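Asker: See query-v1.pdb below, with PDB, C-alpha atoms.
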ATOM      1  CA  MET A   1      12.969   6.787 -16.590
ATOM      2  CA  SER A   2      13.020   4.771 -13.379
ATOM      3  CA  LYS A   3      13.596   1.142 -12.469
ATOM      4  CA  ILE A   4      10.628   0.077 -10.375
ATOM      5  CA  LEU A   5       9.476  -2.948  -8.385
ATOM      6  CA  ILE A   6       5.842  -3.305  -7.347
ATOM      7  CA  THR A   7       4.421  -5.947  -5.032
ATOM      8  CA  GLY A   8       0.948  -7.429  -5.374
ATOM      9  CA  ALA A   9       0.987  -6.874  -9.136
ATOM     10  CA  ASN A  10      -1.514  -9.662  -9.816
ATOM     11  CA  GLY A  11      -4.611  -7.485  -9.698
ATOM     12  CA  GLY A  12      -6.391  -4.320  -8.636
ATOM     13  CA  PHE A  13      -4.154  -1.297  -8.182
ATOM     14  CA  GLY A  14      -1.043  -3.418  -8.735
ATOM     15  CA  ALA A  15      -1.694  -4.569 -12.292
ATOM     16  CA  LEU A  16      -3.011  -1.135 -13.290
ATOM     17  CA  THR A  17       0.079   0.544 -11.881
ATOM     18  CA  VAL A  18       2.405  -1.831 -13.731
ATOM     19  CA  LYS A  19       0.628  -1.099 -17.019
ATOM     20  CA  THR A  20       0.635   2.647 -16.387
ATOM     21  CA  LEU A  21       4.339   2.733 -15.575
ATOM     22  CA  LEU A  22       5.228   0.621 -18.593
ATOM     23  CA  ASP A  23       3.201   2.959 -20.826
ATOM     24  CA  GLN A  24       5.252   5.850 -19.472
ATOM     25  CA  GLY A  25       8.524   4.145 -20.400
ATOM     26  CA  HIS A  26       9.665   2.910 -17.003
ATOM     27  CA  SER A  27      11.316  -0.462 -16.453
ATOM     28  CA  VAL A  28       9.135  -2.533 -14.132
ATOM     29  CA  VAL A  29       9.489  -5.717 -12.117
ATOM     30  CA  ALA A  30       6.009  -7.017 -11.288
ATOM     31  CA  THR A  31       5.972  -9.311  -8.269
ATOM     32  CA  MET A  32       3.304 -11.666  -6.975
ATOM     33  CA  ARG A  33       2.875 -15.167  -5.613
ATOM     34  CA  ASN A  34       2.042 -18.254  -7.682
ATOM     35  CA  THR A  35       3.372 -16.965 -10.992
ATOM     36  CA  GLU A  36       3.210 -20.467 -12.490
ATOM     37  CA  SER A  37      -0.219 -21.412 -11.154
ATOM     38  CA  LYS A  38      -2.996 -19.204  -9.784
ATOM     39  CA  ASN A  39      -1.546 -15.950 -11.132
ATOM     40  CA  LYS A  40       0.028 -17.302 -14.330
ATOM     41  CA  ALA A  41      -2.482 -15.603 -16.651
ATOM     42  CA  VAL A  42      -1.872 -12.110 -15.269
ATOM     43  CA  ALA A  43       1.873 -12.762 -15.045
ATOM     44  CA  ASP A  44       1.925 -13.729 -18.717
ATOM     45  CA  GLU A  45      -0.148 -10.673 -19.636
ATOM     46  CA  LEU A  46       2.173  -8.275 -17.823
ATOM     47  CA  SER A  47       5.223 -10.032 -19.226
ATOM     48  CA  ALA A  48       3.889  -9.609 -22.753
ATOM     49  CA  LEU A  49       3.562  -5.871 -22.069
ATOM     50  CA  GLY A  50       7.226  -5.676 -21.054
ATOM     51  CA  ALA A  51       7.287  -6.255 -17.301
ATOM     52  CA  LYS A  52       9.817  -8.552 -15.684
ATOM     53  CA  ILE A  53       7.999 -11.111 -13.529
ATOM     54  CA  VAL A  54       9.426 -12.212 -10.187
ATOM     55  CA  ASN A  55       7.693 -14.561  -7.764
ATOM     56  CA  ILE A  56       7.679 -12.973  -4.301
ATOM     57  CA  ASP A  57       5.670 -14.002  -1.262
ATOM     58  CA  VAL A  58       5.885 -11.008   1.086
ATOM     59  CA  THR A  59       5.182 -13.256   4.085
ATOM     60  CA  ASN A  60       8.395 -15.239   3.531
ATOM     61  CA  ASP A  61      11.845 -13.804   4.322
ATOM     62  CA  GLU A  62      13.729 -16.018   1.883
ATOM     63  CA  SER A  63      11.268 -15.332  -0.927
ATOM     64  CA  VAL A  64      11.553 -11.568  -0.399
ATOM     65  CA  ASN A  65      15.346 -11.509  -0.160
ATOM     66  CA  SER A  66      15.963 -13.747  -3.162
ATOM     67  CA  GLY A  67      13.244 -12.032  -5.193
ATOM     68  CA  MET A  68      14.657  -8.579  -4.483
ATOM     69  CA  ALA A  69      18.146  -9.716  -5.481
ATOM     70  CA  LYS A  70      16.740 -11.138  -8.710
ATOM     71  CA  ALA A  71      14.857  -7.904  -9.445
ATOM     72  CA  ILE A  72      17.980  -5.795  -8.947
ATOM     73  CA  ASP A  73      19.867  -8.133 -11.261
ATOM     74  CA  LEU A  74      17.142  -8.084 -13.944
ATOM     75  CA  LEU A  75      17.010  -4.281 -14.110
ATOM     76  CA  ASP A  76      20.640  -3.653 -13.160
ATOM     77  CA  GLY A  77      19.451  -1.720 -10.130
ATOM     78  CA  LEU A  78      16.259  -0.282  -8.652
ATOM     79  CA  ASP A  79      15.085   3.273  -8.031
ATOM     80  CA  VAL A  80      11.572   2.756  -6.666
ATOM     81  CA  VAL A  81       9.731   0.127  -4.658
ATOM     82  CA  VAL A  82       5.923   0.248  -4.461
ATOM     83  CA  ASN A  83       4.541  -1.669  -1.477
ATOM     84  CA  ASN A  84       1.124  -2.499  -2.883
ATOM     85  CA  ALA A  85       0.483  -6.078  -1.690
ATOM     86  CA  GLY A  86      -2.301  -6.188   0.877
ATOM     87  CA  ILE A  87      -5.474  -7.893   2.032
ATOM     88  CA  GLY A  88      -8.652  -6.480   3.558
ATOM     89  CA  VAL A  89     -11.270  -7.723   5.985
ATOM     90  CA  LEU A  90     -14.989  -7.472   6.648
ATOM     91  CA  GLY A  91     -16.618  -8.425   9.936
ATOM     92  CA  ILE A  92     -17.112  -7.674  13.606
ATOM     93  CA  GLN A  93     -13.706  -7.149  15.170
ATOM     94  CA  GLU A  94     -14.196  -9.480  18.163
ATOM     95  CA  GLN A  95     -14.795 -12.403  15.813
ATOM     96  CA  PHE A  96     -11.335 -12.163  14.248
ATOM     97  CA  THR A  97      -8.960 -14.541  16.009
ATOM     98  CA  ILE A  98      -5.341 -13.897  16.869
ATOM     99  CA  ASP A  99      -4.392 -16.090  13.911
ATOM    100  CA  ASP A 100      -6.592 -13.913  11.677
ATOM    101  CA  PHE A 101      -4.736 -10.829  12.891
ATOM    102  CA  LYS A 102      -1.371 -12.525  12.371
ATOM    103  CA  ARG A 103      -2.276 -13.454   8.790
ATOM    104  CA  LEU A 104      -3.398  -9.901   8.051
ATOM    105  CA  PHE A 105      -0.413  -8.181   9.635
ATOM    106  CA  ASP A 106       1.989 -10.632   8.000
ATOM    107  CA  VAL A 107       1.007  -9.166   4.636
ATOM    108  CA  ASN A 108      -0.008  -5.580   5.366
ATOM    109  CA  VAL A 109       2.716  -4.678   7.878
ATOM    110  CA  PHE A 110       5.423  -7.312   8.262
ATOM    111  CA  GLY A 111       5.441  -7.900   4.502
ATOM    112  CA  VAL A 112       6.205  -4.233   3.948
ATOM    113  CA  GLN A 113       8.999  -4.350   6.512
ATOM    114  CA  ARG A 114      10.477  -7.405   4.788
ATOM    115  CA  ILE A 115      10.432  -5.652   1.422
ATOM    116  CA  ASN A 116      11.902  -2.429   2.810
ATOM    117  CA  ARG A 117      14.708  -4.213   4.647
ATOM    118  CA  ALA A 118      15.582  -6.072   1.457
ATOM    119  CA  ILE A 119      15.873  -2.920  -0.698
ATOM    120  CA  LEU A 120      17.143  -0.255   1.687
ATOM    121  CA  PRO A 121      20.828  -1.269   1.703
ATOM    122  CA  HIS A 122      20.766  -0.830  -2.095
ATOM    123  CA  PHE A 123      19.026   2.566  -1.851
ATOM    124  CA  ARG A 124      21.373   3.850   0.848
ATOM    125  CA  ASN A 125      24.453   2.709  -1.075
ATOM    126  CA  GLN A 126      23.351   4.579  -4.189
ATOM    127  CA  GLY A 127      22.233   7.620  -2.200
ATOM    128  CA  SER A 128      18.726   7.694  -3.648
ATOM    129  CA  GLY A 129      15.474   5.782  -3.788
ATOM    130  CA  LEU A 130      11.747   5.972  -3.265
ATOM    131  CA  LEU A 131       9.493   3.837  -1.087
ATOM    132  CA  VAL A 132       5.795   4.131  -1.930
ATOM    133  CA  HIS A 133       3.420   2.635   0.621
ATOM    134  CA  VAL A 134      -0.138   1.978  -0.558
ATOM    135  CA  SER A 135      -2.220   2.562   2.551
ATOM    136  CA  SER A 136      -5.895   3.569   2.758
ATOM    137  CA  LEU A 137      -8.124   6.314   4.087
ATOM    138  CA  LEU A 138      -8.912   3.657   6.692
ATOM    139  CA  GLY A 139      -5.327   4.090   7.829
ATOM    140  CA  ARG A 140      -6.363   7.535   9.106
ATOM    141  CA  ILE A 141      -9.795   6.878  10.641
ATOM    142  CA  ALA A 142     -11.588   3.857  12.109
ATOM    143  CA  PHE A 143     -14.693   2.564  10.368
ATOM    144  CA  PRO A 144     -16.742  -0.276  11.881
ATOM    145  CA  PHE A 145     -16.464  -3.764  10.408
ATOM    146  CA  TYR A 146     -12.958  -3.143   9.029
ATOM    147  CA  GLY A 147     -11.273  -3.092  12.446
ATOM    148  CA  PRO A 148      -8.245  -5.362  11.893
ATOM    149  CA  TYR A 149      -7.632  -3.705   8.508
ATOM    150  CA  ASN A 150      -7.814  -0.272  10.171
ATOM    151  CA  ALA A 151      -5.221  -1.420  12.691
ATOM    152  CA  SER A 152      -2.861  -2.793  10.042
ATOM    153  CA  LYS A 153      -3.009   0.358   7.935
ATOM    154  CA  TRP A 154      -2.547   2.606  10.967
ATOM    155  CA  ALA A 155       0.576   0.560  11.691
ATOM    156  CA  LEU A 156       1.719   0.900   8.079
ATOM    157  CA  GLU A 157       1.314   4.683   8.268
ATOM    158  CA  ALA A 158       3.551   4.822  11.349
ATOM    159  CA  LEU A 159       6.094   2.566   9.656
ATOM    160  CA  ALA A 160       6.245   4.841   6.608
ATOM    161  CA  GLU A 161       6.431   7.987   8.769
ATOM    162  CA  ASN A 162       9.440   6.652  10.653
ATOM    163  CA  TYR A 163      11.178   5.670   7.420
ATOM    164  CA  ARG A 164      10.535   9.176   6.169
ATOM    165  CA  VAL A 165      12.636  10.753   8.896
ATOM    166  CA  GLU A 166      15.234   8.035   9.447
ATOM    167  CA  LEU A 167      16.086   7.863   5.749
ATOM    168  CA  SER A 168      15.920  11.575   4.959
ATOM    169  CA  GLY A 169      19.671  12.009   5.319
ATOM    170  CA  PHE A 170      20.375   9.198   2.844
ATOM    171  CA  GLY A 171      18.475  10.612  -0.135
ATOM    172  CA  VAL A 172      15.649   8.097   0.233
ATOM    173  CA  ASP A 173      12.017   9.283   0.136
ATOM    174  CA  SER A 174       9.181   7.466   1.918
ATOM    175  CA  CYS A 175       5.652   8.324   0.764
ATOM    176  CA  ILE A 176       2.126   7.130   1.449
ATOM    177  CA  VAL A 177      -0.763   6.830  -1.007
ATOM    178  CA  GLU A 178      -4.181   6.799   0.679
ATOM    179  CA  PRO A 179      -6.945   5.509  -1.625
ATOM    180  CA  GLY A 180     -10.576   5.450  -0.694
ATOM    181  CA  GLY A 181     -12.667   2.391  -1.536
ATOM    182  CA  TYR A 182     -12.512   1.361  -5.190
ATOM    183  CA  PRO A 183     -14.239  -1.324  -7.275
ATOM    184  CA  THR A 184     -11.361  -3.788  -7.597
ATOM    185  CA  GLY A 185     -10.828  -7.478  -6.871
ATOM    186  CA  PHE A 186      -9.581  -6.364  -3.444
ATOM    187  CA  MET A 187     -13.163  -5.566  -2.455
ATOM    188  CA  THR A 188     -14.428  -9.031  -3.387
ATOM    189  CA  ASN A 189     -11.667 -10.946  -1.586
ATOM    190  CA  LEU A 190     -12.015  -9.592   1.932
ATOM    191  CA  MET A 191     -10.961 -11.885   4.778
ATOM    192  CA  GLN A 192     -13.862 -13.008   6.961
ATOM    193  CA  PRO A 193     -13.588 -13.643  10.725
ATOM    194  CA  SER A 194     -12.810 -17.210  11.764
ATOM    195  CA  ASP A 195     -14.767 -17.367  15.027
ATOM    196  CA  LEU A 196     -18.515 -16.720  14.874
ATOM    197  CA  SER A 197     -19.241 -18.205  18.284
ATOM    198  CA  GLN A 198     -20.258 -14.812  19.677
ATOM    199  CA  ASN A 199     -22.899 -14.147  17.012
ATOM    200  CA  GLU A 200     -25.811 -14.538  19.404
ATOM    201  CA  GLY A 201     -24.436 -11.866  21.710
ATOM    202  CA  TYR A 202     -24.472  -9.319  18.900
ATOM    203  CA  GLY A 203     -28.101  -9.929  17.936
ATOM    204  CA  GLU A 204     -29.186  -8.247  14.717
ATOM    205  CA  MET A 205     -25.837  -6.475  14.468
ATOM    206  CA  VAL A 206     -24.313  -9.656  13.013
ATOM    207  CA  HIS A 207     -25.941  -8.663   9.710
ATOM    208  CA  ALA A 208     -24.546  -5.129   9.769
ATOM    209  CA  PRO A 209     -21.162  -5.821   8.099
ATOM    210  CA  LYS A 210     -22.785  -7.364   5.020
ATOM    211  CA  GLN A 211     -25.398  -4.623   4.865
ATOM    212  CA  ALA A 212     -22.788  -1.879   5.156
ATOM    213  CA  PHE A 213     -20.656  -3.463   2.463
ATOM    214  CA  GLU A 214     -23.570  -3.835   0.061
ATOM    215  CA  SER A 215     -24.514  -0.201   0.637
ATOM    216  CA  PHE A 216     -20.976   0.910  -0.151
ATOM    217  CA  GLU A 217     -20.883  -1.251  -3.271
ATOM    218  CA  GLY A 218     -24.032   0.524  -4.421
ATOM    219  CA  ALA A 219     -22.421   3.901  -3.829
ATOM    220  CA  LEU A 220     -19.362   2.831  -5.829
ATOM    221  CA  ALA A 221     -21.513   1.666  -8.715
ATOM    222  CA  GLY A 222     -23.144   5.087  -8.817
ATOM    223  CA  ASN A 223     -19.839   6.986  -8.920
ATOM    224  CA  PRO A 224     -17.825   6.290 -12.099
ATOM    225  CA  ALA A 225     -15.324   8.951 -11.025
ATOM    226  CA  GLN A 226     -14.078   6.451  -8.424
ATOM    227  CA  ASN A 227     -11.912   4.785 -11.051
ATOM    228  CA  PRO A 228      -9.029   2.552  -9.847
ATOM    229  CA  GLN A 229      -6.860   4.107 -12.546
ATOM    230  CA  ASN A 230      -6.764   7.212 -10.344
ATOM    231  CA  VAL A 231      -4.574   5.345  -7.866
ATOM    232  CA  ALA A 232      -2.170   4.107 -10.534
ATOM    233  CA  ASP A 233      -1.891   7.671 -11.858
ATOM    234  CA  ALA A 234      -1.194   9.021  -8.354
ATOM    235  CA  ILE A 235       1.639   6.527  -7.884
ATOM    236  CA  ALA A 236       3.071   7.454 -11.283
ATOM    237  CA  ASP A 237       2.883  11.153 -10.358
ATOM    238  CA  LEU A 238       4.847  10.525  -7.167
ATOM    239  CA  ILE A 239       7.544   8.701  -9.107
ATOM    240  CA  ARG A 240       7.964  11.542 -11.606
ATOM    241  CA  THR A 241       8.093  14.194  -8.872
ATOM    242  CA  PRO A 242      11.689  15.221  -8.076
ATOM    243  CA  ALA A 243      13.284  13.664  -5.015
ATOM    244  CA  GLY A 244      12.748  15.663  -1.837
ATOM    245  CA  GLN A 245       9.664  17.379  -3.271
ATOM    246  CA  ARG A 246       7.274  14.449  -2.975
ATOM    247  CA  PRO A 247       4.378  14.859  -0.527
ATOM    248  CA  MET A 248       4.352  12.544   2.458
ATOM    249  CA  ARG A 249       0.699  11.626   1.903
ATOM    250  CA  THR A 250      -1.395  11.580  -1.261
ATOM    251  CA  VAL A 251      -5.151  11.145  -0.865
ATOM    252  CA  VAL A 252      -6.902   9.522  -3.846
ATOM    253  CA  ASP A 253     -10.659   9.596  -3.469
ATOM    254  CA  ASN A 254     -13.763  10.909  -5.220
ATOM    255  CA  MET A 255     -16.351   9.650  -2.722
ATOM    256  CA  GLY A 256     -16.157  12.610  -0.355
ATOM    257  CA  MET A 257     -14.151  11.027   2.459
ATOM    258  CA  GLY A 258     -10.843  12.333   1.162
ATOM    259  CA  ALA A 259     -12.001  15.937   1.547
ATOM    260  CA  HIS A 260     -12.218  15.325   5.315
ATOM    261  CA  ILE A 261      -8.880  13.495   5.538
ATOM    262  CA  GLU A 262      -6.710  16.056   3.753
ATOM    263  CA  PRO A 263      -7.122  18.782   6.440
ATOM    264  CA  TYR A 264      -6.338  16.119   9.044
ATOM    265  CA  ASN A 265      -3.149  15.210   7.180
ATOM    266  CA  ASN A 266      -2.143  18.861   6.857
ATOM    267  CA  GLN A 267      -2.667  19.489  10.553
ATOM    268  CA  LEU A 268      -0.624  16.434  11.481
ATOM    269  CA  ALA A 269       2.199  17.684   9.260
ATOM    270  CA  GLN A 270       2.183  20.994  11.130
ATOM    271  CA  ILE A 271       2.235  19.169  14.462
ATOM    272  CA  HIS A 272       5.195  17.085  13.318
ATOM    273  CA  GLU A 273       7.048  20.168  12.154
ATOM    274  CA  GLY A 274       6.498  21.925  15.458
ATOM    275  CA  LEU A 275       7.552  18.932  17.539
ATOM    276  CA  TYR A 276      10.620  18.144  15.446
ATOM    277  CA  ASN A 277      11.761  21.762  15.544
ATOM    278  CA  ALA A 278      11.195  21.871  19.298
ATOM    279  CA  PHE A 279      13.480  18.856  19.732
ATOM    280  CA  GLY A 280      16.100  20.138  17.307
ATOM    281  CA  MET A 281      15.302  17.547  14.625
ATOM    282  CA  GLY A 282      13.629  19.778  12.040
ATOM    283  CA  GLU A 283      16.216  18.932   9.392
ATOM    284  CA  MET A 284      15.019  15.326   9.402
ATOM    285  CA  LEU A 285      11.673  16.375   7.917
ATOM    286  CA  ARG A 286      13.084  16.347   4.416
ATOM    287  CA  LEU A 287       9.777  15.728   2.655
ATOM    288  CA  LYS A 288       7.069  18.367   2.513
ATOM    289  CA  ALA A 289       3.656  17.643   3.962
TER
END
Take the structure I supplied and represent it as structure tokens, if you would.
Answerer:
Amino acid sequence: MSKILITGANGGFGALTVKTLLDQGHSVVATMRNTESKNKAVADELSALGAKIVNIDVTNDESVNSGMAKAIDLLDGLDVVVNNAGIGVLGIQEQFTIDDFKRLFDVNVFGVQRINRAILPHFRNQGSGLLVHVSSLLGRIAFPFYGPYNASKWALEALAENYRVELSGFGVDSCIVEPGGYPTGFMTNLMQPSDLSQNEGYGEMVHAPKQAFESFEGALAGNPAQNPQNVADAIADLIRTPAGQRPMRTVVDNMGMGAHIEPYNNQLAQIHEGLYNAFGMGEMLRLKA
């Protein structure tokens, strides 16, 4: 059984993954912000199930570093870190300000880098470890009205890809989980753009983001197979897969989009293999596609 830390454990995929891993006998540190206020109820629930609760704000260096040290101490080590914390958006891209982008990237990209930098010395010293990055199918393609989120997840995918190769010689695996849209609290807490001053210039299109979202919500409601538990199970499957045999990307979707993304992922893996071999770096591609 593994010793695991998961960020953003206060809801959605995070809480489900904590519960799933505990049920399977793993030791889990569940991290989130506001463990004594806003998120106290879920923190208490997960604690009662056996999780260790650590307050971590992924946008704060000190919080991440001290929280990671506490997690390692609580479990006497760590084997896996699941970068699950994230926020989404809904709106016309132009209307998101630079501060909006900074807030989004501070969680979805910089927060992941903070977490990884805090754990990687431990993983490299022990010669093993697994980084799981919860991305999105929107980290592979661009859909309108999710523009800043697209950009942050594309950046996350590149971050995880580089870790894959740079850490391959140290026994550390870097993997990506790519969920489609799921009916979780994530979908009801999307960040809205801060500057609507250009609404008039977009005419009737200003209503399109809300209309598109409502249409997708209807599609989700009509597809019970799109169960958030699927994502928790996919993360658990990655953890139980032997080191070095874990796929780089795992698509988790029953809405039809994933069927189009998987061939794209496979082709990219072949391109990477060809380029790395051409430059004499093929041995760095430790993980299979």
Asker: Applying the PyMOL selection byres ((chain A and resi 45) around 12) to the file I just gave you, which residues come out? Please list them as a PDB file with C-alpha atoms, keeping the file's coordinate frame.
Answerer:
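And here's selection_31.pdb as it stands now:
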ATOM      1  CA  ALA A   9       0.987  -6.874  -9.136  1.00  0.00           C
ATOM      2  CA  ASN A  10      -1.514  -9.662  -9.816  1.00  0.00           C
ATOM      3  CA  GLY A  11      -4.611  -7.485  -9.698  1.00  0.00           C
ATOM      4  CA  ALA A  15      -1.694  -4.569 -12.292  1.00  0.00           C
ATOM      5  CA  LEU A  16      -3.011  -1.135 -13.290  1.00  0.00           C
ATOM      6  CA  VAL A  18       2.405  -1.831 -13.731  1.00  0.00           C
ATOM      7  CA  LYS A  19       0.628  -1.099 -17.019  1.00  0.00           C
ATOM      8  CA  ALA A  30       6.009  -7.017 -11.288  1.00  0.00           C
ATOM      9  CA  THR A  35       3.372 -16.965 -10.992  1.00  0.00           C
ATOM     10  CA  ASN A  39      -1.546 -15.950 -11.132  1.00  0.00           C
ATOM     11  CA  LYS A  40       0.028 -17.302 -14.330  1.00  0.00           C
ATOM     12  CA  ALA A  41      -2.482 -15.603 -16.651  1.00  0.00           C
ATOM     13  CA  VAL A  42      -1.872 -12.110 -15.269  1.00  0.00           C
ATOM     14  CA  ALA A  43       1.873 -12.762 -15.045  1.00  0.00           C
ATOM     15  CA  ASP A  44       1.925 -13.729 -18.717  1.00  0.00           C
ATOM     16  CA  LEU A  46       2.173  -8.275 -17.823  1.00  0.00           C
ATOM     17  CA  SER A  47       5.223 -10.032 -19.226  1.00  0.00           C
ATOM     18  CA  ALA A  48       3.889  -9.609 -22.753  1.00  0.00           C
ATOM     19  CA  LEU A  49       3.562  -5.871 -22.069  1.00  0.00           C
ATOM     20  CA  GLY A  50       7.226  -5.676 -21.054  1.00  0.00           C
ATOM     21  CA  ALA A  51       7.287  -6.255 -17.301  1.00  0.00           C
ATOM     22  CA  LYS A  52       9.817  -8.552 -15.684  1.00  0.00           C
ATOM     23  CA  ILE A  53       7.999 -11.111 -13.529  1.00  0.00           C
TER      24      ILE A  53
END
Asker: Quick one: residues within 9 Å of region 180-190 of chain A, all atoms listed in the file counted, chain neighbours fewer than 4 positions away excluded, as a PDB file with C-alpha atoms, keeping the file's coordinate frame?
Answerer:
ATOM      1  CA  GLY A  11      -4.611  -7.485  -9.698  1.00  0.00           C
ATOM      2  CA  GLY A  12      -6.391  -4.320  -8.636  1.00  0.00           C
ATOM      3  CA  PHE A  13      -4.154  -1.297  -8.182  1.00  0.00           C
ATOM      4  CA  GLY A  86      -2.301  -6.188   0.877  1.00  0.00           C
ATOM      5  CA  ILE A  87      -5.474  -7.893   2.032  1.00  0.00           C
ATOM      6  CA  GLY A  88      -8.652  -6.480   3.558  1.00  0.00           C
ATOM      7  CA  VAL A  89     -11.270  -7.723   5.985  1.00  0.00           C
ATOM      8  CA  LEU A  90     -14.989  -7.472   6.648  1.00  0.00           C
ATOM      9  CA  SER A 136      -5.895   3.569   2.758  1.00  0.00           C
ATOM     10  CA  LEU A 137      -8.124   6.314   4.087  1.00  0.00           C
ATOM     11  CA  LEU A 138      -8.912   3.657   6.692  1.00  0.00           C
ATOM     12  CA  PHE A 216     -20.976   0.910  -0.151  1.00  0.00           C
ATOM     13  CA  GLU A 217     -20.883  -1.251  -3.271  1.00  0.00           C
ATOM     14  CA  LEU A 220     -19.362   2.831  -5.829  1.00  0.00           C
ATOM     15  CA  ALA A 221     -21.513   1.666  -8.715  1.00  0.00           C
ATOM     16  CA  GLN A 226     -14.078   6.451  -8.424  1.00  0.00           C
ATOM     17  CA  ASN A 227     -11.912   4.785 -11.051  1.00  0.00           C
ATOM     18  CA  PRO A 228      -9.029   2.552  -9.847  1.00  0.00           C
ATOM     19  CA  VAL A 251      -5.151  11.145  -0.865  1.00  0.00           C
ATOM     20  CA  VAL A 252      -6.902   9.522  -3.846  1.00  0.00           C
ATOM     21  CA  ASP A 253     -10.659   9.596  -3.469  1.00  0.00           C
ATOM     22  CA  ASN A 254     -13.763  10.909  -5.220  1.00  0.00           C
ATOM     23  CA  MET A 255     -16.351   9.650  -2.722  1.00  0.00           C
ATOM     24  CA  MET A 257     -14.151  11.027   2.459  1.00  0.00           C
ATOM     25  CA  GLY A 258     -10.843  12.333   1.162  1.00  0.00           C
TER      26      GLY A 258
END
Asker: Selected by the PyMOL selection byres ((chain A and resi 208) around 12) in the shown coordinates: which residues, as a ChimeraX atom specification?
Answerer: /A:90-92,144-146,199,202-207,209-215
Asker: Decode the PyMOL selection byres ((chain A and resi 114-127) around 9) for the given file into explicit residues and return them as an NGL selection string.
Answerer: :A and (7 or 58-61 or 64-66 or 68-69 or 72 or 77-81 or 83 or 109-113 or 128-131 or 167 or 170-172)
Asker: Can I get the selection written as a PDB file, in the frame of the given file, with C-alpha atoms?
Answerer:
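New file again-v3.pdb:
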ATOM      1  CA  THR A   7       4.421  -5.947  -5.032  1.00  0.00           C
ATOM      2  CA  VAL A  58       5.885 -11.008   1.086  1.00  0.00           C
ATOM      3  CA  THR A  59       5.182 -13.256   4.085  1.00  0.00           C
ATOM      4  CA  ASN A  60       8.395 -15.239   3.531  1.00  0.00           C
ATOM      5  CA  ASP A  61      11.845 -13.804   4.322  1.00  0.00           C
ATOM      6  CA  VAL A  64      11.553 -11.568  -0.399  1.00  0.00           C
ATOM      7  CA  ASN A  65      15.346 -11.509  -0.160  1.00  0.00           C
ATOM      8  CA  SER A  66      15.963 -13.747  -3.162  1.00  0.00           C
ATOM      9  CA  MET A  68      14.657  -8.579  -4.483  1.00  0.00           C
ATOM     10  CA  ALA A  69      18.146  -9.716  -5.481  1.00  0.00           C
ATOM     11  CA  ILE A  72      17.980  -5.795  -8.947  1.00  0.00           C
ATOM     12  CA  GLY A  77      19.451  -1.720 -10.130  1.00  0.00           C
ATOM     13  CA  LEU A  78      16.259  -0.282  -8.652  1.00  0.00           C
ATOM     14  CA  ASP A  79      15.085   3.273  -8.031  1.00  0.00           C
ATOM     15  CA  VAL A  80      11.572   2.756  -6.666  1.00  0.00           C
ATOM     16  CA  VAL A  81       9.731   0.127  -4.658  1.00  0.00           C
ATOM     17  CA  ASN A  83       4.541  -1.669  -1.477  1.00  0.00           C
ATOM     18  CA  VAL A 109       2.716  -4.678   7.878  1.00  0.00           C
ATOM     19  CA  PHE A 110       5.423  -7.312   8.262  1.00  0.00           C
ATOM     20  CA  GLY A 111       5.441  -7.900   4.502  1.00  0.00           C
ATOM     21  CA  VAL A 112       6.205  -4.233   3.948  1.00  0.00           C
ATOM     22  CA  GLN A 113       8.999  -4.350   6.512  1.00  0.00           C
ATOM     23  CA  SER A 128      18.726   7.694  -3.648  1.00  0.00           C
ATOM     24  CA  GLY A 129      15.474   5.782  -3.788  1.00  0.00           C
ATOM     25  CA  LEU A 130      11.747   5.972  -3.265  1.00  0.00           C
ATOM     26  CA  LEU A 131       9.493   3.837  -1.087  1.00  0.00           C
ATOM     27  CA  LEU A 167      16.086   7.863   5.749  1.00  0.00           C
ATOM     28  CA  PHE A 170      20.375   9.198   2.844  1.00  0.00           C
ATOM     29  CA  GLY A 171      18.475  10.612  -0.135  1.00  0.00           C
ATOM     30  CA  VAL A 172      15.649   8.097   0.233  1.00  0.00           C
TER      31      VAL A 172
END
Asker: To one decimal place, how far is CA of Pro193 (chain A) from CA of Lys102 (chain A) in Å?
Answerer: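 Computed distance, CA of Pro193 (chain A) to CA of Lys102 (chain A), equals 12.4 Å.
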Asker: Of the candidates A:Ala155, A:Leu74, A:Ile56, A:Met191, which one gets nearest to Gln93 (chain A) if we count all atoms listed in the file?
Answerer: A:Met191
Asker: So, counting all atoms listed in the file, which residue among A:Asp57, A:Glu94, A:Asp233, A:Glu200 is closest to Gln24 (chain A)?
Answerer: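 With all atoms listed in the file as the atom set, the closest residue is A:Asp233.
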Asker: Between CA of Ser135 (chain A) and CA of Leu156 (chain A), measure the distance and give it in Å to one decimal.
Answerer: 7.0 Å
Asker: Could you tell me which of A:Glu62, A:Asp106, A:Glu262, A:Glu178 comes closest to Asn230 (chain A) if we count only C-alpha atoms?
Answerer: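 Counting only C-alpha atoms, the residue closest to Asn230 (chain A) is A:Glu178.
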